[in-house]
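What follows is the content of my_file.cif, which has mmCIF, C-alpha atoms and all ligand atoms:
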data_model
#
loop_
_atom_site.label_atom_id
_atom_site.label_comp_id
_atom_site.auth_asym_id
_atom_site.auth_seq_id
_atom_site.Cartn_x
_atom_site.Cartn_y
_atom_site.Cartn_z
CA MET C 1 11.60 13.45 -1.17
CA ASP C 2 11.96 11.82 2.23
CA HIS C 3 13.44 12.52 5.64
CA PHE C 4 15.99 9.70 5.84
CA ALA C 5 19.45 11.22 5.44
CA TYR C 6 23.05 10.92 6.65
CA ARG C 7 24.29 13.36 9.25
CA ASN C 8 27.93 13.06 10.30
CA GLY C 9 28.07 9.68 8.59
CA VAL C 10 25.06 8.22 10.45
CA LEU C 11 21.70 7.58 8.79
CA HIS C 12 18.91 9.44 10.57
CA ALA C 13 15.13 9.25 10.43
CA GLU C 14 14.30 12.96 10.70
CA ASP C 15 16.36 14.00 13.77
CA VAL C 16 16.73 10.54 15.28
CA PRO C 17 19.93 8.54 14.62
CA LEU C 18 18.86 5.06 13.57
CA PRO C 19 21.33 3.33 15.95
CA VAL C 20 19.36 4.84 18.85
CA ILE C 21 16.22 3.03 17.66
CA ALA C 22 18.13 -0.20 17.03
CA ALA C 23 19.56 -0.08 20.56
CA GLU C 24 16.16 0.36 22.18
CA VAL C 25 13.82 -1.61 19.94
CA GLY C 26 16.18 -4.12 18.35
CA THR C 27 16.22 -5.33 14.76
CA PRO C 28 14.63 -6.00 12.37
CA VAL C 29 12.35 -2.99 12.75
CA TYR C 30 10.34 -0.77 10.43
CA VAL C 31 10.89 2.95 10.92
CA TYR C 32 8.44 5.50 9.49
CA SER C 33 8.91 9.25 9.15
CA LYS C 34 5.86 11.31 10.01
CA ALA C 35 7.21 14.38 8.18
CA THR C 36 7.55 12.30 5.01
CA LEU C 37 4.00 10.97 5.31
CA VAL C 38 2.64 14.48 5.82
CA ARG C 39 4.67 15.86 2.95
CA HIS C 40 3.52 13.17 0.54
CA ALA C 41 -0.10 13.56 1.64
CA ARG C 42 0.05 17.29 0.94
CA VAL C 43 1.92 16.96 -2.37
CA PHE C 44 -0.63 14.43 -3.61
CA ARG C 45 -3.57 16.56 -2.52
CA GLU C 46 -2.16 19.67 -4.22
CA ALA C 47 -1.51 17.62 -7.35
CA VAL C 48 -5.06 16.32 -7.70
CA ALA C 49 -6.71 19.54 -6.55
CA VAL C 50 -6.10 20.96 -10.06
CA ALA C 51 -8.69 18.43 -11.29
CA GLY C 52 -11.43 19.95 -9.12
CA ARG C 53 -13.71 18.39 -6.51
CA HIS C 54 -12.04 15.38 -4.99
CA HIS C 55 -11.90 12.96 -2.08
CA ILE C 56 -8.76 11.06 -1.14
CA ALA C 57 -9.03 7.63 0.46
CA PHE C 58 -5.66 6.23 1.52
CA ALA C 59 -5.29 2.57 0.48
CA VAL C 60 -5.04 1.04 3.94
CA LYS C 61 -3.64 -2.22 2.63
CA SER C 62 -0.36 -0.46 1.77
CA ASN C 63 0.25 0.47 5.43
CA PRO C 64 -2.50 -0.26 7.96
CA ASN C 65 -0.65 0.79 11.12
CA ILE C 66 -3.12 2.87 13.13
CA ALA C 67 -0.54 5.55 13.94
CA VAL C 68 0.19 5.97 10.22
CA LEU C 69 -3.56 6.13 9.56
CA ARG C 70 -3.94 8.74 12.30
CA VAL C 71 -1.32 10.94 10.64
CA LEU C 72 -3.25 10.74 7.36
CA ALA C 73 -6.62 11.26 9.05
CA ARG C 74 -5.22 14.52 10.44
CA GLU C 75 -4.35 15.48 6.86
CA GLY C 76 -8.00 15.07 5.92
CA TYR C 77 -7.57 11.69 4.26
CA GLY C 78 -10.22 9.03 4.28
CA ALA C 79 -9.53 5.36 3.74
CA ASP C 80 -9.91 2.74 1.05
CA VAL C 81 -10.38 -0.57 2.86
CA VAL C 82 -10.55 -4.11 1.51
CA SER C 83 -11.74 -6.04 4.58
CA GLY C 84 -13.73 -5.64 7.76
CA GLY C 85 -10.42 -5.63 9.64
CA GLU C 86 -9.14 -2.67 7.64
CA LEU C 87 -12.46 -0.89 8.15
CA ASP C 88 -12.11 -1.23 11.93
CA ARG C 89 -8.53 0.08 11.75
CA ALA C 90 -9.57 3.14 9.76
CA LEU C 91 -12.29 3.92 12.30
CA ALA C 92 -9.92 3.27 15.23
CA ALA C 93 -7.46 5.70 13.67
CA GLY C 94 -10.10 8.43 13.68
CA MET C 95 -11.20 8.42 10.06
CA ALA C 96 -14.82 9.44 9.60
CA ALA C 97 -17.07 6.61 8.41
CA GLU C 98 -18.38 8.69 5.52
CA ASP C 99 -14.79 9.14 4.29
CA ILE C 100 -14.30 5.38 3.97
CA VAL C 101 -14.55 3.46 0.71
CA PHE C 102 -14.95 -0.33 0.82
CA SER C 103 -13.18 -2.10 -2.09
CA GLY C 104 -12.30 -5.74 -2.56
CA VAL C 105 -13.34 -8.62 -4.75
CA GLY C 106 -14.51 -10.93 -1.97
CA LYS C 107 -16.45 -8.90 0.58
CA THR C 108 -18.58 -11.27 2.61
CA GLU C 109 -22.19 -10.54 3.54
CA ALA C 110 -21.05 -10.03 7.13
CA GLU C 111 -18.52 -7.44 5.93
CA LEU C 112 -21.12 -5.66 3.80
CA ALA C 113 -23.47 -5.53 6.80
CA HIS C 114 -20.66 -4.27 9.02
CA GLY C 115 -19.90 -1.49 6.52
CA LEU C 116 -23.56 -0.50 6.49
CA GLU C 117 -23.76 -0.51 10.29
CA CYS C 118 -20.72 1.75 10.45
CA GLY C 119 -22.23 4.10 7.87
CA ILE C 120 -19.32 4.08 5.44
CA GLY C 121 -19.35 6.49 2.53
CA GLN C 122 -19.09 4.22 -0.48
CA PHE C 123 -19.06 0.58 -1.50
CA ASN C 124 -17.08 -0.27 -4.63
CA ILE C 125 -19.02 -3.15 -6.14
CA GLU C 126 -16.96 -5.75 -7.96
CA LEU C 127 -19.69 -7.98 -9.43
CA GLU C 128 -23.44 -7.87 -9.94
CA ALA C 129 -24.21 -10.51 -7.31
CA GLU C 130 -22.36 -8.49 -4.71
CA GLY C 131 -24.40 -5.41 -5.58
CA ALA C 132 -27.62 -7.43 -5.31
CA ALA C 133 -26.56 -8.80 -1.92
CA LEU C 134 -25.68 -5.31 -0.70
CA ALA C 135 -29.08 -3.99 -1.82
CA ARG C 136 -30.87 -6.83 -0.03
CA ILE C 137 -28.89 -6.41 3.22
CA ALA C 138 -29.31 -2.62 3.19
CA SER C 139 -33.07 -2.88 2.58
CA ALA C 140 -33.44 -5.34 5.43
CA MET C 141 -31.65 -2.84 7.68
CA GLY C 142 -33.83 0.02 6.42
CA LYS C 143 -30.78 1.70 4.88
CA THR C 144 -29.56 2.75 1.48
CA ALA C 145 -26.01 1.81 0.48
CA THR C 146 -24.09 4.35 -1.56
CA ALA C 147 -22.14 2.51 -4.22
CA VAL C 148 -20.14 2.68 -7.42
CA LEU C 149 -19.50 -0.11 -9.91
CA ARG C 150 -15.87 -1.10 -10.45
CA VAL C 151 -15.12 -1.69 -14.09
CA ASN C 152 -12.25 -3.53 -15.69
CA PRO C 153 -11.13 -1.38 -18.63
CA ASP C 154 -8.90 -4.07 -20.15
CA VAL C 155 -5.81 -1.87 -20.10
CA ASP C 156 -2.32 -3.21 -19.47
CA ALA C 157 -0.83 -1.11 -16.68
CA GLY C 158 2.65 -2.14 -17.78
CA THR C 159 3.49 -3.15 -14.23
CA HIS C 160 4.58 -6.49 -12.75
CA ALA C 161 2.04 -9.19 -13.72
CA LYS C 162 1.37 -9.93 -10.05
CA ILE C 163 0.26 -6.37 -9.29
CA SER C 164 -1.69 -5.71 -12.49
CA THR C 165 -5.47 -5.51 -11.97
CA GLY C 166 -6.97 -3.87 -15.05
CA LYS C 167 -6.57 -6.47 -17.78
CA ALA C 168 -9.52 -8.56 -18.93
CA GLU C 169 -8.03 -11.71 -17.38
CA ASN C 170 -7.63 -10.11 -13.93
CA LYS C 171 -10.22 -10.88 -11.25
CA PHE C 172 -11.18 -7.26 -10.55
CA GLY C 173 -14.28 -5.33 -11.62
CA VAL C 174 -16.85 -6.09 -14.31
CA PRO C 175 -15.87 -6.00 -17.99
CA ILE C 176 -16.38 -2.40 -19.11
CA GLY C 177 -18.55 -3.55 -22.01
CA ASP C 178 -20.99 -5.22 -19.60
CA ALA C 179 -21.04 -2.26 -17.22
CA PRO C 180 -24.04 -0.34 -18.68
CA ALA C 181 -26.38 -3.32 -18.38
CA ILE C 182 -25.16 -4.31 -14.90
CA PHE C 183 -25.30 -0.70 -13.73
CA ALA C 184 -28.90 -0.37 -14.94
CA ARG C 185 -30.00 -3.54 -13.13
CA LEU C 186 -28.29 -2.48 -9.89
CA ALA C 187 -29.60 1.09 -10.10
CA ALA C 188 -33.14 -0.29 -10.18
CA LEU C 189 -32.75 -2.07 -6.82
CA ASP C 190 -34.11 -0.73 -3.55
CA GLY C 191 -31.46 -0.17 -0.92
CA LEU C 192 -28.79 0.86 -3.41
CA ASN C 193 -27.81 4.36 -4.54
CA MET C 194 -25.57 3.83 -7.57
CA ARG C 195 -23.73 7.11 -7.93
CA GLY C 196 -20.83 6.32 -10.22
CA VAL C 197 -18.06 4.02 -11.34
CA ALA C 198 -14.57 3.03 -10.18
CA VAL C 199 -11.38 1.86 -11.85
CA HIS C 200 -7.96 0.74 -10.57
CA ILE C 201 -5.64 -0.85 -13.11
CA GLY C 202 -2.75 -1.91 -10.93
CA SER C 203 -0.01 -0.88 -8.58
CA MET C 204 3.44 0.59 -9.15
CA VAL C 205 2.34 2.04 -12.49
CA ALA C 206 5.40 3.77 -13.91
CA ASP C 207 3.81 5.36 -16.99
CA LEU C 208 0.82 7.70 -17.18
CA ASP C 209 -0.36 6.50 -20.60
CA PRO C 210 -2.18 3.33 -19.47
CA LEU C 211 -3.82 5.28 -16.65
CA ALA C 212 -4.96 7.95 -19.12
CA ALA C 213 -6.25 5.24 -21.48
CA ALA C 214 -8.24 3.62 -18.67
CA PHE C 215 -9.67 6.96 -17.52
CA GLU C 216 -10.69 7.85 -21.08
CA ARG C 217 -12.66 4.60 -21.33
CA VAL C 218 -14.30 5.39 -18.01
CA GLY C 219 -15.20 8.86 -19.35
CA GLU C 220 -16.95 7.25 -22.33
CA LEU C 221 -18.81 4.97 -19.94
CA VAL C 222 -19.97 7.95 -17.85
CA THR C 223 -21.35 9.58 -21.01
CA GLU C 224 -23.13 6.37 -21.92
CA LEU C 225 -24.60 5.92 -18.43
CA ARG C 226 -25.86 9.50 -18.38
CA ALA C 227 -27.41 9.06 -21.83
CA ALA C 228 -29.28 6.09 -20.34
CA GLY C 229 -30.71 8.38 -17.68
CA HIS C 230 -28.44 7.62 -14.73
CA THR C 231 -27.17 10.35 -12.42
CA ILE C 232 -23.38 10.04 -12.13
CA THR C 233 -21.86 12.22 -9.43
CA HIS C 234 -18.69 10.29 -8.47
CA VAL C 235 -15.88 8.55 -10.30
CA ASP C 236 -13.24 6.68 -8.33
CA LEU C 237 -9.91 6.64 -10.18
CA GLY C 238 -8.17 4.23 -7.78
CA GLY C 239 -4.49 4.42 -6.91
CA GLY C 240 -1.46 2.88 -8.45
CA ILE C 241 1.13 5.60 -9.02
CA GLY C 242 4.63 4.20 -8.65
CA VAL C 243 7.49 5.48 -6.54
CA PRO C 244 11.27 5.40 -7.17
CA TYR C 245 12.85 2.33 -5.57
CA ARG C 246 16.26 2.77 -7.22
CA PRO C 247 18.17 5.98 -6.61
CA HIS C 248 17.98 6.96 -10.29
CA ASP C 249 14.42 5.84 -11.07
CA ARG C 250 12.42 8.52 -12.83
CA LEU C 251 8.67 8.21 -12.38
CA PRO C 252 5.77 10.47 -13.20
CA THR C 253 5.39 13.01 -10.41
CA PRO C 254 2.10 13.48 -8.56
CA ALA C 255 1.88 16.88 -10.31
CA GLN C 256 2.12 15.24 -13.74
CA TYR C 257 -0.49 12.70 -12.67
CA GLY C 258 -2.78 15.50 -11.47
CA GLU C 259 -2.39 17.38 -14.78
CA MET C 260 -3.22 14.24 -16.74
CA VAL C 261 -6.30 13.62 -14.58
CA ALA C 262 -7.42 17.24 -14.98
CA ARG C 263 -7.04 16.99 -18.76
CA VAL C 264 -8.87 13.68 -19.17
CA THR C 265 -11.69 14.45 -16.71
CA LYS C 266 -12.26 18.15 -17.41
CA ASP C 267 -15.82 17.74 -18.74
CA TRP C 268 -16.98 15.02 -16.37
CA GLY C 269 -18.61 17.24 -13.74
CA VAL C 270 -18.14 14.73 -10.92
CA THR C 271 -16.36 14.41 -7.59
CA LEU C 272 -13.19 12.46 -8.26
CA MET C 273 -12.10 9.89 -5.71
CA PHE C 274 -8.49 8.77 -5.37
CA GLU C 275 -7.08 5.75 -3.55
CA PRO C 276 -3.31 6.30 -3.32
CA GLY C 277 -1.26 3.90 -1.24
CA ARG C 278 2.36 3.42 -2.19
CA VAL C 279 2.91 7.01 -3.34
CA ILE C 280 1.97 8.25 0.14
CA CYS C 281 3.81 5.80 2.37
CA GLY C 282 6.41 3.95 0.26
CA ASN C 283 9.32 6.31 0.78
CA ALA C 284 8.17 7.18 4.29
CA GLY C 285 9.49 3.91 5.70
CA ILE C 286 12.64 1.83 5.93
CA LEU C 287 13.32 -1.63 7.28
CA MET C 288 16.36 -1.59 9.55
CA THR C 289 18.32 -4.79 9.93
CA ARG C 290 21.59 -6.02 11.40
CA VAL C 291 24.18 -8.04 9.53
CA ILE C 292 24.57 -11.46 11.19
CA TRP C 293 27.26 -13.01 9.02
CA VAL C 294 29.21 -12.31 5.88
CA LYS C 295 29.49 -15.78 4.42
CA PRO C 296 32.00 -16.54 1.68
CA GLY C 297 30.34 -17.73 -1.54
CA VAL C 298 31.63 -19.40 -4.67
CA VAL C 299 30.89 -16.37 -6.83
CA ARG C 300 30.56 -13.61 -4.25
CA PRO C 301 29.90 -13.29 -0.52
CA PHE C 302 26.47 -13.59 1.08
CA VAL C 303 25.52 -10.84 3.48
CA VAL C 304 23.17 -12.63 5.89
CA VAL C 305 20.95 -10.07 7.62
CA ASP C 306 18.48 -10.53 10.48
CA ALA C 307 15.53 -9.37 8.35
CA ALA C 308 13.96 -11.96 6.10
CA MET C 309 11.21 -12.57 3.58
CA ASN C 310 8.72 -12.92 6.43
CA ASP C 311 9.45 -9.29 7.41
CA LEU C 312 9.63 -7.82 3.89
CA ALA C 313 8.01 -10.11 1.33
CA ARG C 314 8.20 -7.97 -1.80
CA PRO C 315 11.55 -9.25 -3.13
CA ALA C 316 10.43 -12.87 -2.71
CA LEU C 317 6.92 -12.17 -4.06
CA TYR C 318 7.64 -9.89 -7.01
CA GLU C 319 11.41 -9.80 -7.32
CA ALA C 320 11.14 -6.25 -6.06
CA TYR C 321 14.20 -4.05 -5.62
CA HIS C 322 14.85 -2.37 -2.26
CA HIS C 323 17.89 -0.15 -2.01
CA PHE C 324 20.31 -1.35 0.69
CA GLN C 325 22.52 1.03 2.65
CA ALA C 326 24.72 0.76 5.72
CA VAL C 327 23.55 2.95 8.60
CA GLU C 328 27.15 4.01 9.26
CA PRO C 329 28.95 3.35 5.97
CA GLY C 330 32.73 3.15 5.92
CA GLU C 331 34.88 3.73 2.87
CA GLY C 332 34.48 0.87 0.42
CA THR C 333 31.85 -1.12 -1.43
CA PHE C 334 31.71 -4.76 -2.48
CA ASP C 335 29.68 -7.07 -4.68
CA ALA C 336 27.46 -9.30 -2.59
CA ASN C 337 24.24 -11.25 -2.35
CA ILE C 338 21.94 -10.06 0.44
CA VAL C 339 19.93 -12.83 2.05
CA GLY C 340 17.81 -13.45 5.13
CA PRO C 341 17.93 -16.38 7.56
CA VAL C 342 14.70 -18.10 6.40
CA CYS C 343 15.10 -21.58 4.97
CA GLU C 344 13.96 -20.77 1.45
CA SER C 345 16.17 -19.85 -1.48
CA THR C 346 13.68 -17.11 -2.32
CA ASP C 347 14.61 -15.42 0.96
CA THR C 348 16.98 -13.26 -1.06
CA PHE C 349 16.89 -9.47 -1.10
CA ALA C 350 19.47 -8.98 -3.84
CA MET C 351 21.92 -10.97 -5.94
CA GLY C 352 25.18 -9.54 -7.16
CA ARG C 353 24.61 -6.02 -5.98
CA THR C 354 27.33 -3.46 -5.27
CA ILE C 355 26.68 -2.30 -1.73
CA ASP C 356 28.37 -0.55 1.16
CA LEU C 357 31.05 -2.74 2.68
CA VAL C 358 29.47 -4.26 5.79
CA GLU C 359 30.62 -6.58 8.55
CA PRO C 360 28.80 -8.74 11.07
CA GLY C 361 27.11 -6.52 13.65
CA ASP C 362 26.66 -3.56 11.29
CA LEU C 363 23.27 -1.93 10.91
CA ALA C 364 21.79 -1.46 7.47
CA VAL C 365 18.47 -0.48 5.93
CA PHE C 366 16.22 -1.46 3.06
CA ARG C 367 14.78 1.77 1.70
CA THR C 368 11.26 2.46 0.42
CA ALA C 369 9.75 -0.17 2.69
CA GLY C 370 6.84 1.90 4.02
CA ALA C 371 4.32 0.40 1.59
CA TYR C 372 3.46 -3.31 1.41
CA GLY C 373 6.16 -3.96 4.02
CA ALA C 374 5.13 -4.62 7.60
CA THR C 375 1.57 -5.30 6.48
CA MET C 376 2.68 -8.40 4.58
CA ALA C 377 4.85 -9.69 7.43
CA SER C 378 4.34 -13.20 8.74
CA THR C 379 5.91 -15.37 11.40
CA TYR C 380 7.22 -18.00 8.98
CA ASN C 381 10.07 -20.05 10.47
CA SER C 382 8.64 -19.11 13.90
CA ARG C 383 10.19 -15.71 13.69
CA ALA C 384 8.79 -12.74 15.60
CA LEU C 385 6.31 -10.39 13.95
CA VAL C 386 8.38 -7.33 13.06
CA PRO C 387 7.78 -4.13 15.11
CA GLU C 388 7.15 -0.62 13.77
CA VAL C 389 8.40 2.76 14.97
CA LEU C 390 7.13 6.22 14.03
CA VAL C 391 9.54 9.16 14.15
CA ASP C 392 8.46 12.78 14.51
CA GLY C 393 11.34 15.25 14.62
CA ASP C 394 13.57 14.23 17.52
CA ARG C 395 11.03 11.91 19.16
CA TYR C 396 9.90 8.43 18.27
CA ALA C 397 7.49 5.79 19.50
CA VAL C 398 7.02 2.08 19.01
CA VAL C 399 3.69 1.98 17.15
CA ALA C 400 3.57 -1.81 16.82
CA ASP C 401 5.24 -4.19 19.23
CA ARG C 402 7.47 -7.03 18.23
CA ILE C 403 5.21 -10.07 18.73
CA LEU C 404 7.35 -12.87 20.01
CA PRO C 405 7.07 -16.51 18.94
CA ALA C 406 5.98 -17.40 22.50
CA THR C 407 2.93 -15.12 22.13
CA ILE C 408 2.03 -16.70 18.82
CA MET C 409 2.50 -20.16 20.31
CA ALA C 410 0.21 -19.26 23.21
CA ALA C 411 -2.72 -19.21 20.73
CA GLU C 412 -2.05 -22.84 19.78
CA ARG C 413 -2.97 -25.93 21.75
CA VAL C 414 -2.53 -29.67 21.72
CA PRO C 415 -5.88 -31.49 22.06
CA ASP C 416 -6.25 -33.95 24.96
CA TRP C 417 -6.88 -36.79 22.53
CA LEU C 418 -3.33 -36.60 21.30
CA ASP C 419 -2.08 -37.76 24.70
C1 LIG C 501 -4.08 -1.69 -3.82
C2 LIG C 501 -5.17 -0.76 -4.22
C3 LIG C 501 -4.95 0.63 -4.22
C4 LIG C 501 -3.62 1.26 -3.87
O1 LIG C 501 -2.63 0.97 -4.81
P1 LIG C 501 -1.22 1.73 -4.72
O2 LIG C 501 -0.46 1.16 -5.84
O3 LIG C 501 -0.61 1.43 -3.41
O4 LIG C 501 -1.49 3.18 -4.90
C5 LIG C 501 -6.01 1.45 -4.54
N1 LIG C 501 -7.22 0.94 -4.86
C6 LIG C 501 -7.47 -0.39 -4.89
C7 LIG C 501 -8.81 -0.87 -5.24
C8 LIG C 501 -6.44 -1.28 -4.57
O5 LIG C 501 -6.68 -2.58 -4.61
#

Kindly present the structure from the file in structure tokens form.
Amino acid sequence: MDHFAYRNGVLHAEDVPLPVIAAEVGTPVYVYSKATLVRHARVFREAVAVAGRHHIAFAVKSNPNIAVLRVLAREGYGADVVSGGELDRALAAGMAAEDIVFSGVGKTEAELAHGLECGIGQFNIELEAEGAALARIASAMGKTATAVLRVNPDVDAGTHAKISTGKAENKFGVPIGDAPAIFARLAALDGLNMRGVAVHIGSMVADLDPLAAAFERVGELVTELRAAGHTITHVDLGGGIGVPYRPHDRLPTPAQYGEMVARVTKDWGVTLMFEPGRVICGNAGILMTRVIWVKPGVVRPFVVVDAAMNDLARPALYEAYHHFQAVEPGEGTFDANIVGPVCESTDTFAMGRTIDLVEPGDLAVFRTAGAYGATMASTYNSRALVPEVLVDGDRYAVVADRILPATIMAAERVPDWLD
């Protein structure tokens, strides 16, 4: 459920007509609904609460805007960060350091030290050498790092190959079969408190079975680690639940996910950690754009919009579907290709889709753009960095400015020796 709906034929974000935002901020622009974020945060928390003690760390990479993070911090969410930059954002947004989990396959020693200095709650270790480095850095600082070992359960999440993370060939975690030996070696190090294990098999998982299979393997590992004398108090189950992108998509609900987790983990006796991203913010955002041209094509017309792959990369990256709607739809529909202005054929949002009839100058939106949208934006083709707006009831604020090409260019220089 989200708070983007038509009223008197005009698409609104909560109580704000989208044309009002377009007039003031321009297009393209991301628009987020605070009520939707809050609703999703609460629905997810209620869903996983049936599984017992838990901690929820929002996956910052899905939407790192500090206003979005502030909304979630107020809902009691912590953060799952994958870089020092994301860690600083989570802190700037008001998340408590102890509620922050540091994931990521390539944390540098400087990032590990920064996490320790900030006093973050948990490091998710991706390989033995990283754990050893963390132990050494923590000892040198006179600290103890709290950590879990990320395992790769070799389960196919059934998602797009480019967002799958839990198969043996993926770069994430240690092979689950090697985990007991690695865990034992890390647990013996000074400076490291190994309290559990972590798993995350991929994103946009549309079926609960692979998640349940992965969690069952983790449960067996917990039993094995305890039998070896280790104290396991935390298991991090990652994120990955999908959201509906097409109007008729049917995905597992957070409640069904929570019931599955409760069933699989009922005898574990641990605090469960969750790292949801997309399911919290995906449907809480849209990308608003304006039609520049409707260009005749040999097969069907091209709707050329002012948003492009640099603003919303998912279609170009993973052939992702984003539902397209006119902000003030008229009567008809037509079959069209929707493309952006960037000089790449992959700058295509949809081919041969039946959409609202639009004309040059019309406003339209790509739905479900709140996750992995603005955060992946670039300035390719010397386009501006897309701005972001947060709506709350009948008020709204620009929560990230449009960064103009001139500002980007100001950070570049021509060395004297070229003259
Ligand atoms: C990306 C990621 C998540 C969030 O994934 P979603 O599909 O957005 O829920 C959680 N944990 C880790 C380790 C990740 O890399």

- Test item: residues at most 8 Å from C:Thr231, all atoms listed in the file, excluding those fewer than 6 positions along its chain, as a list in words: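 Near neighbours after the sequence-gap exclusion: Arg195, Gly196 and Leu225 of chain C.
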
Show me, as a list of chain:residue names, the residues that have an atom within 9 Å of C:Gly104 when counting all atoms listed in the file, minus same-chain residues fewer than 6 positions from it.
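After dropping sequence-adjacent residues, the list is C:Val81, C:Val82, C:Ser83, C:Asn124, C:Ile125, C:Glu126, C:Phe172.
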
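With all atoms listed in the file as the atoms that count, the residue of C:Cys281, C:Met376, C:Ile176, C:Val342 with the shortest distance to ligand LIG 501 (chain C) is C:Cys281.
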
Practice prompt. Rank C:Glu128, C:Asp335, C:Glu224, C:Glu328 by their smallest atom-to-atom distance to C:Pro301, using only C-alpha atoms, and report the top residue only.
Written response: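 Ranking C:Glu128, C:Asp335, C:Glu224, C:Glu328 by distance to C:Pro301, first place goes to C:Asp335.
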
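Atom pair atom CA of C:Gly373 / atom CA of C:Gly282 has a distance of 8.8 Å (rounded to one decimal).
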
(Q) Using all atoms listed in the file, which residues of the polymer chains come no farther than 10 Å from ligand LIG 501 (chain C)? I'd like the answer as a ChimeraX atom specification. (A) /C:57-63,79-82,101-105,124,126,150,163-165,172-173,198-205,236-243,274-282,371-372

Generate the output file for the selected residues, C-alpha atoms, as a PDB file, in the coordinates of the input.
ATOM      1  CA  ALA C  57      -9.030   7.630   0.460  1.00  0.00           C
ATOM      2  CA  PHE C  58      -5.660   6.230   1.520  1.00  0.00           C
ATOM      3  CA  ALA C  59      -5.290   2.570   0.480  1.00  0.00           C
ATOM      4  CA  VAL C  60      -5.040   1.040   3.940  1.00  0.00           C
ATOM      5  CA  LYS C  61      -3.640  -2.220   2.630  1.00  0.00           C
ATOM      6  CA  SER C  62      -0.360  -0.460   1.770  1.00  0.00           C
ATOM      7  CA  ASN C  63       0.250   0.470   5.430  1.00  0.00           C
ATOM      8  CA  ALA C  79      -9.530   5.360   3.740  1.00  0.00           C
ATOM      9  CA  ASP C  80      -9.910   2.740   1.050  1.00  0.00           C
ATOM     10  CA  VAL C  81     -10.380  -0.570   2.860  1.00  0.00           C
ATOM     11  CA  VAL C  82     -10.550  -4.110   1.510  1.00  0.00           C
ATOM     12  CA  VAL C 101     -14.550   3.460   0.710  1.00  0.00           C
ATOM     13  CA  PHE C 102     -14.950  -0.330   0.820  1.00  0.00           C
ATOM     14  CA  SER C 103     -13.180  -2.100  -2.090  1.00  0.00           C
ATOM     15  CA  GLY C 104     -12.300  -5.740  -2.560  1.00  0.00           C
ATOM     16  CA  VAL C 105     -13.340  -8.620  -4.750  1.00  0.00           C
ATOM     17  CA  ASN C 124     -17.080  -0.270  -4.630  1.00  0.00           C
ATOM     18  CA  GLU C 126     -16.960  -5.750  -7.960  1.00  0.00           C
ATOM     19  CA  ARG C 150     -15.870  -1.100 -10.450  1.00  0.00           C
ATOM     20  CA  ILE C 163       0.260  -6.370  -9.290  1.00  0.00           C
ATOM     21  CA  SER C 164      -1.690  -5.710 -12.490  1.00  0.00           C
ATOM     22  CA  THR C 165      -5.470  -5.510 -11.970  1.00  0.00           C
ATOM     23  CA  PHE C 172     -11.180  -7.260 -10.550  1.00  0.00           C
ATOM     24  CA  GLY C 173     -14.280  -5.330 -11.620  1.00  0.00           C
ATOM     25  CA  ALA C 198     -14.570   3.030 -10.180  1.00  0.00           C
ATOM     26  CA  VAL C 199     -11.380   1.860 -11.850  1.00  0.00           C
ATOM     27  CA  HIS C 200      -7.960   0.740 -10.570  1.00  0.00           C
ATOM     28  CA  ILE C 201      -5.640  -0.850 -13.110  1.00  0.00           C
ATOM     29  CA  GLY C 202      -2.750  -1.910 -10.930  1.00  0.00           C
ATOM     30  CA  SER C 203      -0.010  -0.880  -8.580  1.00  0.00           C
ATOM     31  CA  MET C 204       3.440   0.590  -9.150  1.00  0.00           C
ATOM     32  CA  VAL C 205       2.340   2.040 -12.490  1.00  0.00           C
ATOM     33  CA  ASP C 236     -13.240   6.680  -8.330  1.00  0.00           C
ATOM     34  CA  LEU C 237      -9.910   6.640 -10.180  1.00  0.00           C
ATOM     35  CA  GLY C 238      -8.170   4.230  -7.780  1.00  0.00           C
ATOM     36  CA  GLY C 239      -4.490   4.420  -6.910  1.00  0.00           C
ATOM     37  CA  GLY C 240      -1.460   2.880  -8.450  1.00  0.00           C
ATOM     38  CA  ILE C 241       1.130   5.600  -9.020  1.00  0.00           C
ATOM     39  CA  GLY C 242       4.630   4.200  -8.650  1.00  0.00           C
ATOM     40  CA  VAL C 243       7.490   5.480  -6.540  1.00  0.00           C
ATOM     41  CA  PHE C 274      -8.490   8.770  -5.370  1.00  0.00           C
ATOM     42  CA  GLU C 275      -7.080   5.750  -3.550  1.00  0.00           C
ATOM     43  CA  PRO C 276      -3.310   6.300  -3.320  1.00  0.00           C
ATOM     44  CA  GLY C 277      -1.260   3.900  -1.240  1.00  0.00           C
ATOM     45  CA  ARG C 278       2.360   3.420  -2.190  1.00  0.00           C
ATOM     46  CA  VAL C 279       2.910   7.010  -3.340  1.00  0.00           C
ATOM     47  CA  ILE C 280       1.970   8.250   0.140  1.00  0.00           C
ATOM     48  CA  CYS C 281       3.810   5.800   2.370  1.00  0.00           C
ATOM     49  CA  GLY C 282       6.410   3.950   0.260  1.00  0.00           C
ATOM     50  CA  ALA C 371       4.320   0.400   1.590  1.00  0.00           C
ATOM     51  CA  TYR C 372       3.460  -3.310   1.410  1.00  0.00           C
TER      52      TYR C 372
END
